[in-house]
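Peer 1: Below you'll find coords-v6.cif; it's mmCIF, C-alpha atoms and all ligand atoms.
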```cif
data_data
#
loop_
_atom_site.label_atom_id
_atom_site.label_comp_id
_atom_site.auth_asym_id
_atom_site.auth_seq_id
_atom_site.Cartn_x
_atom_site.Cartn_y
_atom_site.Cartn_z
CA MET A 209 10.33 12.17 29.35
CA THR A 210 6.86 12.60 27.89
CA GLY A 211 5.63 9.70 25.83
CA TRP A 212 4.49 9.95 22.26
CA VAL A 213 3.51 7.84 19.26
CA ARG A 214 4.55 8.59 15.68
CA ILE A 215 2.85 6.37 13.10
CA VAL A 216 5.17 6.60 10.12
CA GLY A 217 5.52 5.39 6.55
CA LEU A 218 8.93 4.10 5.42
CA GLY A 219 8.11 4.51 1.71
CA PRO A 220 8.34 1.75 -0.91
CA GLY A 221 11.86 0.60 -0.08
CA ALA A 222 14.63 3.00 -1.12
CA GLN A 223 16.29 4.87 1.72
CA ASP A 224 16.12 8.17 -0.17
CA MET A 225 12.34 7.86 -0.29
CA VAL A 226 12.07 8.00 3.52
CA THR A 227 11.01 11.55 4.38
CA ALA A 228 13.26 13.74 6.56
CA GLN A 229 10.36 13.98 9.05
CA VAL A 230 10.27 10.18 9.44
CA GLN A 231 14.06 9.98 9.75
CA ASP A 232 13.86 12.52 12.61
CA ALA A 233 11.13 10.53 14.38
CA LEU A 234 13.26 7.36 14.12
CA ALA A 235 16.31 9.22 15.46
CA GLN A 236 14.32 10.34 18.54
CA ALA A 237 12.55 7.03 19.22
CA SER A 238 13.07 4.78 22.23
CA ASP A 239 10.95 1.99 20.67
CA VAL A 240 10.08 0.88 17.15
CA ILE A 241 7.06 -1.37 16.61
CA GLY A 242 5.93 -3.07 13.40
CA TYR A 243 5.81 -6.05 11.09
CA ILE A 244 9.15 -7.95 10.99
CA PRO A 245 10.40 -6.88 7.51
CA TYR A 246 9.58 -3.22 8.15
CA VAL A 247 11.29 -3.11 11.54
CA ALA A 248 14.29 -4.74 9.80
CA ARG A 249 14.62 -1.56 7.73
CA VAL A 250 15.38 0.47 10.87
CA ALA A 251 19.08 0.61 11.84
CA PRO A 252 19.67 -0.63 15.41
CA ARG A 253 21.39 1.77 17.81
CA ALA A 254 22.04 2.15 21.53
CA GLY A 255 18.93 3.24 23.41
CA LEU A 256 16.54 1.92 20.77
CA THR A 257 14.41 -1.17 21.40
CA LEU A 258 13.05 -2.90 18.29
CA HIS A 259 9.77 -4.82 18.62
CA PRO A 260 9.26 -6.83 15.40
CA SER A 261 6.03 -8.82 15.25
CA ASP A 262 4.10 -11.03 12.91
CA ASN A 263 1.71 -9.61 10.31
CA ARG A 264 -1.55 -10.83 11.78
CA VAL A 265 -1.35 -9.06 15.11
CA GLU A 266 -2.01 -5.46 14.08
CA LEU A 267 -4.32 -4.57 16.97
CA ASP A 268 -2.02 -6.11 19.61
CA ARG A 269 0.84 -4.16 18.11
CA ALA A 270 -1.23 -0.95 18.18
CA ARG A 271 -2.21 -1.45 21.84
CA HIS A 272 1.41 -2.19 22.69
CA ALA A 273 2.50 1.10 21.09
CA LEU A 274 -0.12 3.12 23.00
CA ALA A 275 0.68 1.36 26.30
CA LEU A 276 4.41 2.07 25.91
CA ALA A 277 3.72 5.75 25.14
CA ALA A 278 1.47 5.92 28.22
CA GLN A 279 4.51 4.74 30.24
CA GLY A 280 6.51 7.69 28.88
CA ARG A 281 8.29 5.99 25.94
CA GLN A 282 8.88 7.56 22.51
CA VAL A 283 7.30 5.07 20.15
CA VAL A 284 7.49 4.89 16.36
CA VAL A 285 5.05 2.51 14.64
CA VAL A 286 6.38 1.66 11.18
CA SER A 287 4.53 0.67 8.02
CA SER A 288 5.83 0.39 4.49
CA GLY A 289 4.69 3.06 2.05
CA ASP A 290 2.19 5.33 3.77
CA PRO A 291 0.88 4.35 7.24
CA GLY A 292 -2.66 5.41 6.36
CA VAL A 293 -2.91 3.21 3.24
CA PHE A 294 -3.87 -0.38 4.17
CA ALA A 295 -1.54 -0.12 7.15
CA MET A 296 -1.03 0.63 10.85
CA ALA A 297 -2.55 4.11 11.31
CA SER A 298 -6.15 2.84 11.30
CA ALA A 299 -5.20 -0.01 13.64
CA VAL A 300 -3.72 2.42 16.16
CA PHE A 301 -6.88 4.57 16.11
CA GLU A 302 -9.09 1.49 16.48
CA ALA A 303 -7.07 0.52 19.55
CA LEU A 304 -7.25 4.10 20.83
CA GLU A 305 -11.02 4.24 20.48
CA ALA A 306 -11.46 0.93 22.33
CA GLY A 307 -8.79 1.64 24.96
CA PRO A 308 -8.65 3.44 28.33
CA GLU A 309 -9.77 7.07 28.29
CA SER A 310 -6.33 8.21 29.50
CA TRP A 311 -4.87 7.27 26.09
CA LEU A 312 -6.86 10.14 24.52
CA ALA A 313 -4.41 12.59 26.11
CA LEU A 314 -1.42 10.99 24.37
CA ASP A 315 0.62 12.88 21.78
CA ILE A 316 -0.07 10.89 18.58
CA GLU A 317 0.96 11.94 15.09
CA VAL A 318 0.71 10.28 11.66
CA GLN A 319 3.65 10.99 9.36
CA PRO A 320 3.00 10.20 5.68
CA GLY A 321 5.17 8.18 3.36
CA ILE A 322 5.30 7.49 -0.36
CA THR A 323 2.69 4.82 -0.95
CA ALA A 324 3.38 1.96 -3.42
CA MET A 325 0.93 3.15 -6.09
CA LEU A 326 2.54 6.59 -6.28
CA ALA A 327 6.05 5.18 -6.51
CA ALA A 328 4.86 2.72 -9.19
CA ALA A 329 2.92 5.37 -11.11
CA ALA A 330 5.98 7.62 -11.19
CA ARG A 331 8.10 4.81 -12.66
CA ALA A 332 5.54 4.16 -15.42
CA GLY A 333 4.73 7.79 -16.27
CA ALA A 334 1.46 9.29 -15.02
CA PRO A 335 -1.25 6.61 -15.13
CA LEU A 336 -3.05 8.19 -12.13
CA GLY A 337 -3.14 11.66 -13.71
CA HIS A 338 -6.94 11.78 -13.80
CA ASP A 339 -9.50 10.26 -11.36
CA PHE A 340 -8.46 6.96 -9.81
CA CYS A 341 -9.20 4.56 -6.96
CA ALA A 342 -7.19 2.12 -4.84
CA ILE A 343 -8.51 -1.31 -3.88
CA ASN A 344 -6.94 -3.85 -1.54
CA LEU A 345 -7.52 -7.24 -3.18
CA SER A 346 -6.89 -9.21 0.01
CA ASP A 347 -10.05 -10.77 1.38
CA ASN A 348 -8.52 -11.24 4.85
CA LEU A 349 -10.44 -8.28 6.26
CA LYS A 350 -13.52 -8.09 3.99
CA PRO A 351 -15.67 -10.51 1.97
CA TRP A 352 -14.73 -11.24 -1.64
CA SER A 353 -18.25 -10.19 -2.76
CA LEU A 354 -17.47 -6.60 -1.67
CA ILE A 355 -14.18 -6.58 -3.59
CA GLU A 356 -15.97 -7.78 -6.70
CA LYS A 357 -18.71 -5.13 -6.33
CA ARG A 358 -16.14 -2.33 -5.97
CA LEU A 359 -14.20 -3.65 -8.95
CA ARG A 360 -17.26 -3.63 -11.20
CA LEU A 361 -18.33 -0.16 -10.06
CA ALA A 362 -14.80 1.21 -10.54
CA VAL A 363 -14.83 -0.07 -14.13
CA GLU A 364 -18.26 1.46 -14.66
CA ALA A 365 -17.06 4.81 -13.26
CA ASP A 366 -14.03 4.56 -15.57
CA PHE A 367 -11.43 5.12 -12.84
CA ALA A 368 -7.83 4.15 -13.27
CA MET A 369 -7.28 1.55 -10.53
CA ALA A 370 -4.44 0.59 -8.24
CA PHE A 371 -4.56 -2.87 -6.65
CA TYR A 372 -2.68 -3.58 -3.44
CA ASN A 373 -2.07 -7.13 -2.13
CA PRO A 374 -3.05 -8.57 -5.52
CA ARG A 375 -2.03 -12.16 -4.97
CA SER A 376 -0.65 -14.41 -2.27
CA ARG A 377 0.19 -18.10 -2.18
CA SER A 378 -2.70 -18.74 0.22
CA ARG A 379 -5.33 -17.09 -2.02
CA PRO A 380 -4.25 -17.26 -5.67
CA GLU A 381 -7.81 -17.47 -7.04
CA GLY A 382 -8.82 -13.86 -6.22
CA PHE A 383 -6.51 -12.26 -8.75
CA VAL A 384 -7.47 -14.82 -11.43
CA ARG A 385 -11.06 -13.72 -10.91
CA THR A 386 -10.07 -10.02 -10.86
CA LEU A 387 -8.44 -10.28 -14.29
CA GLU A 388 -11.42 -12.22 -15.69
CA ILE A 389 -13.82 -9.52 -14.50
CA LEU A 390 -11.65 -6.71 -15.88
CA GLN A 391 -11.05 -8.38 -19.24
CA GLN A 392 -14.74 -9.01 -19.65
CA ALA A 393 -16.04 -5.67 -18.34
CA CYS A 394 -13.48 -3.42 -20.05
CA ASN A 395 -13.17 -5.38 -23.28
CA ASP A 396 -10.33 -3.16 -24.58
CA GLU A 397 -6.53 -2.89 -24.81
CA ARG A 398 -5.98 -0.45 -21.92
CA PRO A 399 -2.54 -0.79 -20.32
CA VAL A 400 -1.91 -2.72 -17.13
CA ILE A 401 1.24 -1.98 -15.11
CA PHE A 402 2.73 -4.71 -12.94
CA ALA A 403 5.15 -2.89 -10.65
CA ARG A 404 7.10 -5.25 -8.42
CA ALA A 405 9.35 -4.24 -5.51
CA VAL A 406 9.49 -0.65 -6.70
CA SER A 407 12.61 1.27 -5.61
CA THR A 408 14.37 -1.88 -4.35
CA PRO A 409 17.14 -3.89 -6.11
CA ASP A 410 14.44 -6.41 -7.18
CA GLU A 411 12.36 -3.79 -8.99
CA ASP A 412 10.58 -5.01 -12.13
CA ILE A 413 8.05 -2.99 -14.14
CA GLN A 414 6.00 -4.59 -16.90
CA VAL A 415 3.37 -2.91 -19.04
CA VAL A 416 0.97 -5.08 -21.05
CA PRO A 417 -2.40 -4.56 -22.75
CA LEU A 418 -5.24 -5.85 -20.53
CA PRO A 419 -5.98 -8.94 -22.69
CA HIS A 420 -2.35 -10.07 -22.20
CA ALA A 421 -2.33 -9.67 -18.41
CA THR A 422 -1.96 -13.02 -16.61
CA PRO A 423 -2.22 -13.88 -12.91
CA GLU A 424 1.43 -15.00 -12.55
CA MET A 425 2.59 -11.48 -13.41
CA ALA A 426 1.70 -10.39 -9.84
CA ASP A 427 2.76 -11.50 -6.38
CA MET A 428 2.57 -9.96 -2.91
CA ARG A 429 5.39 -7.53 -3.70
CA THR A 430 3.52 -6.17 -6.74
CA VAL A 431 1.16 -3.24 -7.02
CA VAL A 432 -0.98 -3.44 -10.16
CA ILE A 433 -2.23 -0.33 -11.92
CA VAL A 434 -4.96 -0.65 -14.55
CA GLY A 435 -5.56 2.34 -16.78
CA ALA A 436 -8.87 4.07 -17.44
CA SER A 437 -10.42 3.71 -20.89
CA ASN A 438 -8.48 6.74 -22.19
CA THR A 439 -5.08 5.90 -20.63
CA ARG A 440 -2.37 6.10 -23.28
CA VAL A 441 0.96 4.40 -23.97
CA ILE A 442 3.89 6.15 -25.65
CA PRO A 443 6.13 3.38 -26.99
CA ARG A 444 9.85 4.13 -26.58
CA ALA A 445 13.09 2.19 -26.90
CA LEU A 446 13.76 3.13 -23.25
CA GLY A 447 10.49 1.49 -22.17
CA PRO A 448 6.90 2.65 -22.58
CA ILE A 449 5.44 5.72 -20.90
CA VAL A 450 1.89 5.26 -19.61
CA TYR A 451 -0.22 8.32 -18.87
CA THR A 452 -3.83 9.31 -18.35
CA PRO A 453 -4.71 12.69 -19.85
CA ARG A 454 -5.77 15.44 -17.43
CA SER A 455 -9.18 15.91 -19.01
CA VAL A 456 -12.11 13.93 -20.30
CA LEU A 457 -14.06 16.10 -22.73
CA SER A 458 -17.80 15.59 -22.86
N1 LIG A 501 1.12 0.87 3.43
C1 LIG A 501 1.63 0.32 2.19
C2 LIG A 501 0.75 -0.79 1.65
C3 LIG A 501 0.69 -2.03 2.51
S1 LIG A 501 -0.19 -3.33 1.76
C4 LIG A 501 1.80 1.43 1.16
O1 LIG A 501 1.31 2.55 1.39
O2 LIG A 501 2.45 1.21 0.13
C5 LIG A 501 1.13 -4.26 0.99
C6 LIG A 501 1.02 -4.15 -0.52
O3 LIG A 501 1.58 -2.91 -0.94
C7 LIG A 501 1.80 -5.19 -1.31
O4 LIG A 501 1.08 -6.39 -1.44
C8 LIG A 501 1.98 -4.50 -2.64
O5 LIG A 501 0.76 -4.55 -3.38
C9 LIG A 501 2.17 -3.05 -2.21
N2 LIG A 501 3.60 -2.67 -2.10
C10 LIG A 501 4.25 -2.29 -0.99
N3 LIG A 501 5.53 -1.96 -1.28
C11 LIG A 501 5.68 -2.11 -2.61
C12 LIG A 501 6.76 -1.91 -3.53
N4 LIG A 501 7.97 -1.46 -3.13
N5 LIG A 501 6.55 -2.18 -4.84
C13 LIG A 501 5.33 -2.60 -5.27
N6 LIG A 501 4.28 -2.81 -4.45
C14 LIG A 501 4.44 -2.57 -3.14
#
```
Is it possible to express this structure as structure tokens?
Ligand code: SAH

Peer 2:
Amino acid sequence: MTGWVRIVGLGPGAQDMVTAQVQDALAQASDVIGYIPYVARVAPRAGLTLHPSDNRVELDRARHALALAAQGRQVVVVSSGDPGVFAMASAVFEALEAGPESWLALDIEVQPGITAMLAAAARAGAPLGHDFCAINLSDNLKPWSLIEKRLRLAVEADFAMAFYNPRSRSRPEGFVRTLEILQQACNDERPVIFARAVSTPDEDIQVVPLPHATPEMADMRTVVIVGASNTRVIPRALGPIVYTPRSVLS
């Protein structure tokens, strides 16, 4: 058998948000590689070897995937959401670039998934309907000064913003600082969406005006969306609808 690597996104959680393409790749795989909770979402079956690993070993995991494919295995690397958004696809290409030249001949394909901000935006309405940006608030892989710079420039550019990895137990102070910067720089009542565990049984969506946003409203299972200055809220008994109009008139 010829080896291959499929770097796939499992979507935000719900089984019906896994694309048919990704389901096919999983059905054909001999090996599945990824972070423990994501590999746990793949049903075991005869002929399939699962390789769950810890979160901090992305490059080892990527090299392992490429090495297995080079031996003729059919390897699926799983991420949650989309594999190209703060996830494994970049790690695999970093490993490829640094690896043996023979790996360049491997059949490698990235298969997209529904990323957290899109699943969250859809639940809330259409907050990302005009220009927006996505920022990973974890300072594991970049200095906090860069996060803060991007945050300030995003406010200045008046983007709606989606924040991934907003807050963890090991670094609670970053999101405190993020909210302080936003509340000061925006100085308005724009809506903030705290979307936790979207599309899972633990799903919780809260919409609050920016001055009422507090750090405890987010954890590592939350994606936070902050509106642009013209983002609107339609109050409804069924829960508010948040949307950003398509146009900004000069
Ligand atoms: N590749 C993933 C993102 C990985 S980073 C994607 O495209 O979605 C992990 C972060 O994604 C979490 O800290 C959280 O901010 C966000 N996230 C992932 N799944 C989520 C979900 N079901 N609901 C809300 N946020 C989620």

Peer 1: Pick from A:His420, A:Arg375, A:Arg360, A:Arg444: nearest to ligand LIG 501 (chain A), with only C-alpha atoms and all ligand atoms counted?

Peer 2: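 The closest residue to ligand LIG 501 (chain A) is A:Arg375.
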
Peer 1: Which neighbours of region 275-282 of chain A fall inside 9 Å, counting only C-alpha atoms, when residues of the same chain fewer than 4 positions from it are skipped, and could you give them as number ranges by chain?

Peer 2: A: 209-214, 233, 236-240, 270-271, 310-311, 314-315

Peer 1: Have a look at CA of Glu317 (chain A) and CA of Val284 (chain A) and let me know their distance in Å, one decimal.

Peer 2: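 Here the two named atoms are 9.7 Å from each other.
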
Peer 1: Check every protein, DNA and RNA residue against ligand LIG 501 (chain A), keep those with an atom at most 6 Å away (counting only C-alpha atoms and all ligand atoms), and present them as a PyMOL selection string.

Peer 2: chain A and resi 220-221+287-291+293-295+323-324+372-374+403-407+428-431

Peer 1: Between CA of Leu446 (chain A) and CA of Asp412 (chain A), what distance in Å does the model show, to one decimal?

Peer 2: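 Interatomic distance here is 14.1 Å.
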
Peer 1: Figure out the distance between CA of Phe371 (chain A) and CA of Ile442 (chain A), please, to one decimal in Å.

Peer 2: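 CA of Phe371 (chain A) lies at a distance of 22.7 Å from CA of Ile442 (chain A).
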
Peer 1: Of the candidates A:Ala297, A:Val247, A:Cys341, A:Ala303, which shows the shortest atom-to-atom distance to Ala370 (chain A), using all atoms listed in the file?

Peer 2: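 Going through A:Ala297, A:Val247, A:Cys341, A:Ala303 one by one, the smallest distance to Ala370 (chain A) is for A:Cys341.
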
Peer 1: Kindly indicate which residue among A:Val434, A:Ala306, A:Leu457, A:Ala329 lies nearest to Leu359 (chain A), using only C-alpha atoms for the distances.

Peer 2: A:Val434

Peer 1: Would you mind listing what lies within 9 Å of Val456 (chain A) as an mmCIF file with C-alpha atoms, in the frame of the given file, with only C-alpha atoms counted and same-chain residues fewer than 3 positions away left out?

Peer 2:
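For reference, selection30.cif as written:
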```cif
data_model
loop_
_atom_site.group_PDB
_atom_site.id
_atom_site.type_symbol
_atom_site.label_atom_id
_atom_site.label_comp_id
_atom_site.auth_asym_id
_atom_site.auth_seq_id
_atom_site.Cartn_x
_atom_site.Cartn_y
_atom_site.Cartn_z
ATOM 1 C CA HIS A 338 -6.940 11.780 -13.800
ATOM 2 C CA ASN A 438 -8.480 6.740 -22.190
ATOM 3 C CA PRO A 453 -4.710 12.690 -19.850
#
```

Peer 1: So which one's closest to Pro252 (chain A), A:Leu267, A:Leu234, A:Val300, A:Val415? Using all atoms listed in the file, please.

Peer 2: A:Leu234

Peer 1: Any chance you could work out the axis-aligned box around region 370-383 of chain A, listed atoms only, 3 Å on each side, giving centre and edge lengths in Å to one decimal, as lines of an AutoDock Vina configuration file?

Peer 2:
```
center_x = -4.3
center_y = -9.1
center_z = -4.3
size_x = 15.0
size_y = 25.3
size_z = 15.0
```

Peer 1: From the options A:Glu424, A:Val400, A:Leu274, A:Met369, which residue's atoms come nearest to Leu312 (chain A), counting only C-alpha atoms?

Peer 2: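 Between A:Glu424, A:Val400, A:Leu274, A:Met369, the residue approaching Leu312 (chain A) most closely is A:Leu274.
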
Peer 1: Any idea what's packed within 12 Å of Gly382 (chain A), counting only C-alpha atoms, ignoring anything in its chain fewer than 4 positions away? Could you give it as a JSON list (two decimals) with C-alpha atoms, in the coordinates of the input?

Peer 2:
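New file selection.json:
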```json
[["chain", "number", "residue", "atom", "x", "y", "z"],
["A", 344, "ASN", "CA", -6.94, -3.85, -1.54],
["A", 345, "LEU", "CA", -7.52, -7.24, -3.18],
["A", 346, "SER", "CA", -6.89, -9.21, 0.01],
["A", 347, "ASP", "CA", -10.05, -10.77, 1.38],
["A", 348, "ASN", "CA", -8.52, -11.24, 4.85],
["A", 351, "PRO", "CA", -15.67, -10.51, 1.97],
["A", 352, "TRP", "CA", -14.73, -11.24, -1.64],
["A", 353, "SER", "CA", -18.25, -10.19, -2.76],
["A", 355, "ILE", "CA", -14.18, -6.58, -3.59],
["A", 356, "GLU", "CA", -15.97, -7.78, -6.70],
["A", 359, "LEU", "CA", -14.20, -3.65, -8.95],
["A", 371, "PHE", "CA", -4.56, -2.87, -6.65],
["A", 373, "ASN", "CA", -2.07, -7.13, -2.13],
["A", 374, "PRO", "CA", -3.05, -8.57, -5.52],
["A", 375, "ARG", "CA", -2.03, -12.16, -4.97],
["A", 376, "SER", "CA", -0.65, -14.41, -2.27],
["A", 377, "ARG", "CA", 0.19, -18.10, -2.18],
["A", 378, "SER", "CA", -2.70, -18.74, 0.22],
["A", 386, "THR", "CA", -10.07, -10.02, -10.86],
["A", 387, "LEU", "CA", -8.44, -10.28, -14.29],
["A", 388, "GLU", "CA", -11.42, -12.22, -15.69],
["A", 389, "ILE", "CA", -13.82, -9.52, -14.50],
["A", 423, "PRO", "CA", -2.22, -13.88, -12.91],
["A", 426, "ALA", "CA", 1.70, -10.39, -9.84],
["A", 427, "ASP", "CA", 2.76, -11.50, -6.38]]
```

Peer 1: Counting only C-alpha atoms, what is within 10 Å of Pro419 (chain A), bar same-chain residues fewer than 3 positions away, as a PyMOL selection string?

Peer 2: chain A and resi 387-388+390-392+394-400+416+422

Peer 1: For Ile401 (chain A), find every residue with an atom within 6 Å (counting only C-alpha atoms), except residues of its own chain fewer than 3 positions away, and show them as a count of residues only.

Peer 2: 4

Peer 1: Using all atoms listed in the file - which residues lie no farther than 7 Å from the point (9.5, 12.6, 0.3) in the file's frame? Write them as a PDB file with C-alpha atoms, keeping the file's coordinate frame.

Peer 2:
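Dumped to result07.pdb:
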```pdb
ATOM      1  CA  MET A 225      12.340   7.860  -0.290  1.00  0.00           C
ATOM      2  CA  VAL A 226      12.070   8.000   3.520  1.00  0.00           C
ATOM      3  CA  THR A 227      11.010  11.550   4.380  1.00  0.00           C
ATOM      4  CA  GLY A 321       5.170   8.180   3.360  1.00  0.00           C
ATOM      5  CA  ILE A 322       5.300   7.490  -0.360  1.00  0.00           C
TER       6      ILE A 322
END
```

Peer 1: Name the closest residue to Gly255 (chain A) among the candidates A:Arg385, A:Ser298, A:Ser455, A:Ala235; distances are taken between atoms, counting only C-alpha atoms.

Peer 2: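 So, comparing all the options, the nearest one is A:Ala235.
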